[in-house]
Every structure is written in C-alpha cells, then in structure tokens.
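As structure tokens, the structure follows; a few thoughts come after it.
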Amino acid sequence: MDIKRTVLLVVFSLSLLMLWENWNRYNGGPSLLSPEQPAQQAAAPQPGGDASLPQPSTTPPATASGAEVPAGAAAEQGERIAVTTDLLRIEISTMGGEIVRAELLKHKDSADDSKPVVLFETGAGRTYVGQSGLIGGQFPNHRTLFTARDGARALETGDSLELVLDAVQNGVKLTKTYTFRRGQYEIGLKHAVTNDSGAAITPSVYVQLVRDGSKLQGDSAFYSTFTGPALYTDADKFRKVSFEDIDKAKNPSAARTTDGWIAMVQHYFVSAFVPLSKGSHELFTRRIDQNLYAVGAIMPMGEIAPGASAAQEGKLFAGPQESAKLEQFATDFDLVKDYGWLTIIAKPIFWLMDQIHKLLGNWGWTIIVLTILIKLAFFPLSAASYRSMAKMKLVTPKMTAIRERHKDNPQQMNAAMMELYKTEKINPLGGCLPIVVQIPVFIALYWVLLASVEMRHAPWLGWIHDLSAPDDLFGILPGVNMPIGLLPIIMAASMYVQTKLNPTPPDPIQAKIMLFMPLLFSFMFFFFPSGLVLYWVVNNILSIAQQWVITKQSERAKA
C-alpha cells in the first residue's frame with residue numbers, strides 16, 4: 001500500500017509541474033521544461049530553380065520555368081475564381097491554378113460563429129495552399145499564369161460542375177480540370193498534357209499541400225493534438241511527420257509506390273491527395289522555406305511524343321474529419337483522425353457512439369449513455385476494486401497504530417503491515433489491478449471525444465452549446481483569462497467525495513495531498529472541452545454510487 005501511495009505522490013508531483021508549465025504557456029510565458037527554439041534558417045533554394053517546386057529524388061533537378069516569378073508577385077498577377085457548392089467555397093488563382101482559399105460552409109469558425117471555417121488561406125501570417133503543375137522541363141507549373149474557360153461557378157443545379165484552366169509554355173499545354181460534386185468534400189483533379197513542342201518530352205505531374213508550421217489560433221495549451229503532414233502506403237502504412245522532424249531532416253525519405261496518399265492534418269480538419277492513374281509515383285515531405293513545409297506526390301507521365309497527349313488523374317479532399325467521409329475517400333484515410341496509440345480500441349468506441357447518436361440525435365446524451373454502458377461493462381472489475389478499498393478503509397485505524405508503534409523501525413513496520421494484510425485477507429494491490437485494466441479503455445475514450453469533429457459546435461442542453469469548447473457558464477474570470485463553468489465545479493466536488501470514500505492514508509502529509517488533489521486537478525478541467533468534462537462527471541457520479549453501496553455493504557458485514 002505504501003508503494004501505491006508513493007506512486008500516487010510522484011504522479012501528483014509531475015501533474016502539478018505539468019499544470020504550472022501549461023498554465024505558464026497558456027498565458028504567453030516561456031516554457032520551463034524546454035528552451036525556446038532558435039529562429040529557423042531559410043532553406044537554400046534547390047539547384048537550378050524555384051525552391052517551391054518539388055524535384056524527384058531519383059533524377060537530377062530540372063531547371064524550373066517559374067524561377068523568374070518572385071513569390072510575392074504571384075498573387076498580384078493572378079485572378080481569384082470562386083467556386084461554390086453546398087459544402088465548399090473554393091478560391092482558385094489563375095496564377096498557377098492553385099487553391100488559395102477553402103471555406104467549409106457547414107462548419108463555423110471557433111472565434112466567430114457567423115463565419116465558416118477556413119482551411120486553405122493566404123495572408124495575415126498564414127500560408128496554406130494546394131499547388132500542382134509539371135516538372136522535368138520548361139513546362140507550366142504553379143508559377144505559370146493560366147486562363148480559365150467559361151462555365152458555371154456555383155453548383156445550383158445538377159450534381160457536379162467543372163473549372164477548367166489552360167496554360168501553354170514552350171509548346172507544351174497543360175489543362176487542369178477541377179471537378180466539384182454535390183454533398184462531397186472530395187474534388188477531382190485532372191492534369192492533361194498536349195505536346196506541340198516538336199520534340200518528345202517526359203514530364204511529371206506534382207501535387208503538393210503547402211502549409212506554415214504555426215499553431216492555429218485558439219489551440220489549447222492544456223491538451224495537444226497533431227498538426228502536420230501524413231503519408232500512407234500499403235508497405236509502410238500510416239505515418240505522421242512533424243514539422244520539427246522535417247526541420248531536423250528526420251522525415252522519411254521519398255517513397256516510390258503504386259498506391260497511397262498524402263495529407264496535411266490539423267485538429268478536426270484535413271486536406272489530402274490521392275493519385276488515381278496507374279503507375280509508380282513518389283510521395284515526399286520537405287521544407288520549402290523558413291516555417292513553410294510541403295507534403296506531396298510526383299507522378300511521371302512517361303514519354304509524350306510530338307503531337308501526342310497524356311493525362312494524369314487524382315482527387316483532393318478538403319474538409320472535416322468525419323469518419324464516414326474519410327472512409328469513403330481512400331484506404332485507411334480515417335487514420336488521420338488522431339486517436340493516439342490506442343486506435344484499435346478507440347475506433348470501436350466511436351462506432352458505438354455513432355450508433356447511439358443515430359438513436360438519440362444529441363452528442364451530449366450520447367456521451368452519457370456511452371459512459372453508462374462502459375461502466376456497466378467494467379462493473380465486476382470496479383466492484384472488486386471498491387471492495388478492496390472498503391476493506392482497507394476498515395483497517396485504516398490498525399494501520400495507523402502500526403505506523404505509530406514502529407515509526408522508528410521501517411522493517412518491523414512493513415512486516416507488521418504484511419501480517420495485518422494476511423490476517424484481514426486483504427490484497428494491498430487489490431484496488432489497483434482492476435483499475436489498471438480499465439485505463440486503456442478510458443484513455444481511448446478520452447481521445448475519441450477530443451478528436452471527433454462531430455463534437456464541434458454540438459449542443460447538449462441549456463448553457464452547453466459546444467461540446468468541443470470549455471464550459472463557461474459563469475463567464476471568463478477577469479485577470480486570469482480563465483473560463484468558469486458548472487461542469488468543472490461538479491467535477492471537483494465529485495473528486496472530493498471520492499477522496500472521502502477512499503481509505504485515508506496513515507501518513508498525515510499524504511492525507512493532505514490526497515485531499516487537495518481534486519482542487520488542483522479540477523483547475524485543468526476549466527480549460528478542457530465540455531464534452532470531456534461531461535464524460536468524467538458522469539463516470540465519477542456512477543463510481544461514487546457504486547463505491548458508496550459497496551462500502552456500506554462491507555461495513556455492515558464487518559459489524
């Protein structure tokens with residue numbers, strides 16, 4: 001039992017340190033645990049061309065035709081064409097035919113719910129664009145001016161519309177065709193090349209998602225979610241690549257494959273590209289410039305004879321991490337929904353949540369019902385743990401007496417404690433082992449609630465209008481910028497009741513620490529999403545009810 005107390009004390013001390021660290025970072029202070037990173041040096045331009053152009057790893061870099069176009073001049077020369085569907089509003093620049101803005105019309109901005117979420121965007125310190133073009137010669141790329149063909153710009157009737165862009169350079173014509181469909185975050189992307197140069201060419205199509213490494217406004221300092229590139233192939237499976245690893249050249253080497261996809265992931269939302277044409281292609285991650293990164297694919301088109309044409313097809317995704325949409329887009333694409341290292345447990349939990357939600361239609365009540373079901377599934381284990389704790393509570397006076405009697409002789413004290421456990425038929429680890437078995441399930445549920453975009457702006461009842469945002473029923477506490485909500489207060493009260501139901505530690509210092517732990521831990525819950533706090537509150541209330549009944553039964557049996 002002393003070992004258990006020591007472990008709890010260590011966990012509490014580390015938690016207190018992390019709490020102070022996160023609070024300091026939340027208010028803009030320097031990190032106490034990690035030094036500030038030095039300013040990053042700008043990446044050197046690639047030999048013979050524009051650093052923003054990707055190059056195959058298996059062939060020497062070709063001269064980039066767009067090298068003469070400065071990055072700052074591109075936006076000034078191009079016209080932005082807006083295409084609107086029932087789910088998306090996409091802006092594509094005629095300079096390079098790149099996607100420079102993507103609004104998700106069904107999802108509200110966290111800071112201003114009158115505006116939609118913006119995924120792709122440029123300006124105001126943000127860079128997040130989708131680029132494509134040709135490499136392997138003096139060919140059109142994302143620095144080339146395109147011409148847009150006439151056509152519909154809003155999906156008012158029918159199920160799809162196309163935006164077609166053309167560019168010609170040195171007798172090589174590139175036609176980009178974006179296809180938008182009703183009810184889809186998926187965008188078709190076709191590159192068609194016509195060779196009128198008079199000589200054979202061997203171009204490659206590239207598609208890359210380019211993003212700065214800055215955190216999004218509103219990201220919490222009290223929990224962390226992954227932001228950065230991701231790649232998938234059948235051989236290497238799903239891999240996340242942090243911006244820090246790219247800076248340190250620890251990102252994986254470009255992979256040659258006939259399958260797979262690339263993505264740029266952030267909390268709740270994702271963009272991605274999947275090559276659809278047959279043949280080998282190369283997936284890569286790289287650093288373009290200071291705080292600017294790319295993940296992409298290079299797809300060789302083979303030799304195109306004079307007067308001949310060839311095409312390469314793929315599809316883009318720009319939208320929320322809704323499981324149903326992700327599963328339809330590509331093989332294992334739902335892995336971008338970051339459930340951590342317990343994905344194998346988290347995915348069935350979300351499936352169960354989804355089934356409950358189909359019946360109830362409210363994610364708040366879904367969380368409550370799911371918590372009850374999980375509690376019922378672990379009822380026998382929890383009961384065994386609480387029975388052990390109840391026995392420990394009954395013999396606490398005897399344990400205290402032993403500590404007082406042998407306080408100067410630890411060996412005799414431990415021997416007397418073991419004799420007491422044997423006499424009373426108590427397993428000192430009996431309260432721990434059942435809990436340890438349940439921990440992976442509860443951690444997986446935590447990640448499900450944290451990662452699911454379905455919780456974003458989902459109401460429960462009364463004052464809870466967004467299960468992904470902190471509960472702020474009583475407003476923001478002046479001076480410390482802290483939301484004060486009812487659920488975290490109930491959470492603190494429930495943790496205090498649980499502490500009183502547990503055996504009192506014989507050591508007075510440990511007893512005081514265990515008493516103040518609910519208050520200190522609950523401080524963090526003021527910053528956590530209300531959906532997570534709701535789960536913990538319901539779980540604690542059920543645990544208190546079960547533990548109280550078992551404790552009373554043990555006391556009556558002892559009497």
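Ordering of the structure tokens sets the chain letters (A, B, ...); residue numbers start at 1 within each chain; ligands are numbered from 1 in the order shown.
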Can you tell me, as a PyMOL selection string, what residues are no more than 12 Å from Thr194 (chain A) when counting only C-alpha atoms, ignoring any on the same chain fewer than 4 positions away? chain A and resi 139-140+166-176+198-203+301+303-312
Write to file, as an mmCIF file, in the first residue's frame, the residues of the selection just made, with N, CA and C atoms.
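Full text of selection_30.cif as output:
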data_model
loop_
_atom_site.group_PDB
_atom_site.id
_atom_site.type_symbol
_atom_site.label_atom_id
_atom_site.label_comp_id
_atom_site.auth_asym_id
_atom_site.auth_seq_id
_atom_site.Cartn_x
_atom_site.Cartn_y
_atom_site.Cartn_z
ATOM 1 N N PHE A 139 8.096 23.710 -68.374
ATOM 2 C CA PHE A 139 6.678 23.399 -68.513
ATOM 3 C C PHE A 139 5.851 24.269 -67.564
ATOM 4 N N PRO A 140 4.526 24.363 -67.792
ATOM 5 C CA PRO A 140 3.660 25.111 -66.869
ATOM 6 C C PRO A 140 3.671 24.492 -65.470
ATOM 7 N N ASP A 166 -6.222 26.509 -68.508
ATOM 8 C CA ASP A 166 -5.238 26.161 -69.531
ATOM 9 C C ASP A 166 -4.023 27.072 -69.429
ATOM 10 N N ALA A 167 -2.844 26.478 -69.704
ATOM 11 C CA ALA A 167 -1.604 27.251 -69.797
ATOM 12 C C ALA A 167 -0.699 26.587 -70.833
ATOM 13 N N VAL A 168 0.033 27.396 -71.597
ATOM 14 C CA VAL A 168 0.947 26.889 -72.617
ATOM 15 C C VAL A 168 2.313 27.518 -72.396
ATOM 16 N N GLN A 169 3.336 26.691 -72.440
ATOM 17 C CA GLN A 169 4.711 27.192 -72.322
ATOM 18 C C GLN A 169 5.636 26.323 -73.169
ATOM 19 N N ASN A 170 6.389 26.980 -74.070
ATOM 20 C CA ASN A 170 7.330 26.271 -74.953
ATOM 21 C C ASN A 170 6.641 25.154 -75.741
ATOM 22 N N GLY A 171 5.409 25.398 -76.153
ATOM 23 C CA GLY A 171 4.693 24.424 -76.968
ATOM 24 C C GLY A 171 4.065 23.293 -76.184
ATOM 25 N N VAL A 172 4.169 23.320 -74.859
ATOM 26 C CA VAL A 172 3.563 22.284 -74.010
ATOM 27 C C VAL A 172 2.336 22.879 -73.326
ATOM 28 N N LYS A 173 1.185 22.276 -73.564
ATOM 29 C CA LYS A 173 -0.066 22.766 -72.988
ATOM 30 C C LYS A 173 -0.475 21.895 -71.808
ATOM 31 N N LEU A 174 -0.776 22.561 -70.691
ATOM 32 C CA LEU A 174 -1.280 21.862 -69.501
ATOM 33 C C LEU A 174 -2.699 22.337 -69.239
ATOM 34 N N THR A 175 -3.608 21.392 -69.129
ATOM 35 C CA THR A 175 -5.003 21.692 -68.802
ATOM 36 C C THR A 175 -5.339 21.060 -67.449
ATOM 37 N N LYS A 176 -5.694 21.926 -66.501
ATOM 38 C CA LYS A 176 -6.124 21.452 -65.185
ATOM 39 C C LYS A 176 -7.645 21.479 -65.133
ATOM 40 N N GLY A 198 7.289 19.872 -80.755
ATOM 41 C CA GLY A 198 8.100 19.349 -81.851
ATOM 42 C C GLY A 198 9.147 18.357 -81.421
ATOM 43 N N ALA A 199 9.245 18.090 -80.120
ATOM 44 C CA ALA A 199 10.207 17.099 -79.604
ATOM 45 C C ALA A 199 9.534 16.304 -78.492
ATOM 46 N N ALA A 200 10.000 15.081 -78.291
ATOM 47 C CA ALA A 200 9.439 14.243 -77.222
ATOM 48 C C ALA A 200 9.770 14.849 -75.857
ATOM 49 N N ILE A 201 8.838 14.720 -74.919
ATOM 50 C CA ILE A 201 9.046 15.229 -73.561
ATOM 51 C C ILE A 201 8.702 14.124 -72.555
ATOM 52 N N THR A 202 9.247 14.238 -71.349
ATOM 53 C CA THR A 202 8.954 13.273 -70.277
ATOM 54 C C THR A 202 8.607 14.042 -68.993
ATOM 55 N N PRO A 203 7.464 14.683 -68.958
ATOM 56 C CA PRO A 203 7.110 15.474 -67.777
ATOM 57 C C PRO A 203 6.594 14.609 -66.639
ATOM 58 N N MET A 301 4.683 10.907 -66.169
ATOM 59 C CA MET A 301 3.707 10.660 -67.230
ATOM 60 C C MET A 301 4.292 9.835 -68.369
ATOM 61 N N GLU A 303 7.014 9.116 -71.594
ATOM 62 C CA GLU A 303 7.368 9.921 -72.773
ATOM 63 C C GLU A 303 6.118 10.275 -73.574
ATOM 64 N N ILE A 304 6.029 11.559 -73.933
ATOM 65 C CA ILE A 304 4.920 12.039 -74.753
ATOM 66 C C ILE A 304 5.508 12.521 -76.073
ATOM 67 N N ALA A 305 5.162 11.853 -77.167
ATOM 68 C CA ALA A 305 5.712 12.177 -78.487
ATOM 69 C C ALA A 305 5.135 13.497 -78.990
ATOM 70 N N PRO A 306 5.806 14.128 -79.959
ATOM 71 C CA PRO A 306 5.280 15.361 -80.556
ATOM 72 C C PRO A 306 3.874 15.140 -81.106
ATOM 73 N N GLY A 307 2.961 16.040 -80.756
ATOM 74 C CA GLY A 307 1.581 15.954 -81.208
ATOM 75 C C GLY A 307 0.709 15.037 -80.387
ATOM 76 N N ALA A 308 1.305 14.332 -79.412
ATOM 77 C CA ALA A 308 0.538 13.383 -78.588
ATOM 78 C C ALA A 308 0.065 14.050 -77.293
ATOM 79 N N SER A 309 -0.826 13.363 -76.603
ATOM 80 C CA SER A 309 -1.371 13.856 -75.335
ATOM 81 C C SER A 309 -1.358 12.742 -74.294
ATOM 82 N N ALA A 310 -1.370 13.138 -73.043
ATOM 83 C CA ALA A 310 -1.443 12.192 -71.925
ATOM 84 C C ALA A 310 -2.136 12.889 -70.763
ATOM 85 N N ALA A 311 -2.669 12.098 -69.848
ATOM 86 C CA ALA A 311 -3.388 12.676 -68.706
ATOM 87 C C ALA A 311 -3.073 11.905 -67.430
ATOM 88 N N GLN A 312 -3.171 12.608 -66.337
ATOM 89 C CA GLN A 312 -2.978 12.001 -65.014
ATOM 90 C C GLN A 312 -4.129 12.480 -64.132
#
Pick out the residues sitting within 12 Å of Ser253 (chain A), and hand them over as number ranges by chain; count only C-alpha atoms, and ignore anything fewer than 6 positions along from it in its own chain. A: 56-58, 231, 236, 241, 245-246, 282-286, 295
May I have the residues within 7 Å of Trp261 (chain A) as an mmCIF file with N, CA and C atoms, in the first residue's frame, using only C-alpha atoms and disregarding those fewer than 5 positions away in the same chain?
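Just written: result_14.cif:
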data_model
loop_
_atom_site.group_PDB
_atom_site.id
_atom_site.type_symbol
_atom_site.label_atom_id
_atom_site.label_comp_id
_atom_site.auth_asym_id
_atom_site.auth_seq_id
_atom_site.Cartn_x
_atom_site.Cartn_y
_atom_site.Cartn_z
ATOM 1 N N LEU A 231 1.563 10.560 -44.390
ATOM 2 C CA LEU A 231 1.660 9.767 -45.612
ATOM 3 C C LEU A 231 1.134 8.370 -45.351
ATOM 4 N N TYR A 232 0.628 7.748 -46.417
ATOM 5 C CA TYR A 232 0.180 6.363 -46.291
ATOM 6 C C TYR A 232 0.567 5.587 -47.544
ATOM 7 N N THR A 233 1.157 4.410 -47.335
ATOM 8 C CA THR A 233 1.357 3.426 -48.408
ATOM 9 C C THR A 233 1.019 2.057 -47.834
ATOM 10 N N PHE A 273 -4.487 14.285 -50.905
ATOM 11 C CA PHE A 273 -4.488 13.995 -52.335
ATOM 12 C C PHE A 273 -4.199 12.520 -52.543
ATOM 13 N N VAL A 274 -4.940 11.914 -53.483
ATOM 14 C CA VAL A 274 -4.741 10.510 -53.855
ATOM 15 C C VAL A 274 -4.530 10.427 -55.365
#
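Closest approach to Val538 (chain A) from the set A:Met399, A:Met482, A:Ala383, A:Ile374 is made by A:Ile374, with distances taken over only C-alpha atoms.
Pairwise distance (CA of Met455 (chain A), CA of Trp363 (chain A)) equals 6.8 Å.
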Using only C-alpha atoms, determine which residues lie at most 9 Å from Pro229 (chain A), disregarding the query and same-chain residues fewer than 4 positions distant; provide the list as a PyMOL selection string. chain A and resi 209+239-243+262-266+285+293-295
What would the file look like if the residues just selected were written as a CSV table (one decimal), in the first residue's frame with C-alpha atoms?
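Below is the file out24.csv, written as the result:
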chain,number,residue,atom,x,y,z
A,209,LEU,CA,0.0,20.8,-50.0
A,239,ARG,CA,2.9,7.8,-40.8
A,240,LYS,CA,2.7,11.2,-39.2
A,241,VAL,CA,5.6,13.6,-39.9
A,242,SER,CA,6.1,16.5,-37.5
A,243,PHE,CA,7.3,19.9,-38.7
A,262,ILE,CA,-0.6,12.3,-48.8
A,263,ALA,CA,-2.3,14.6,-46.3
A,264,MET,CA,-1.9,17.8,-44.2
A,265,VAL,CA,-3.6,17.2,-40.8
A,266,GLN,CA,-4.8,19.6,-38.1
A,285,THR,CA,7.7,15.6,-47.3
A,293,TYR,CA,6.5,22.9,-45.3
A,294,ALA,CA,5.1,20.7,-48.1
A,295,VAL,CA,3.8,17.1,-48.4
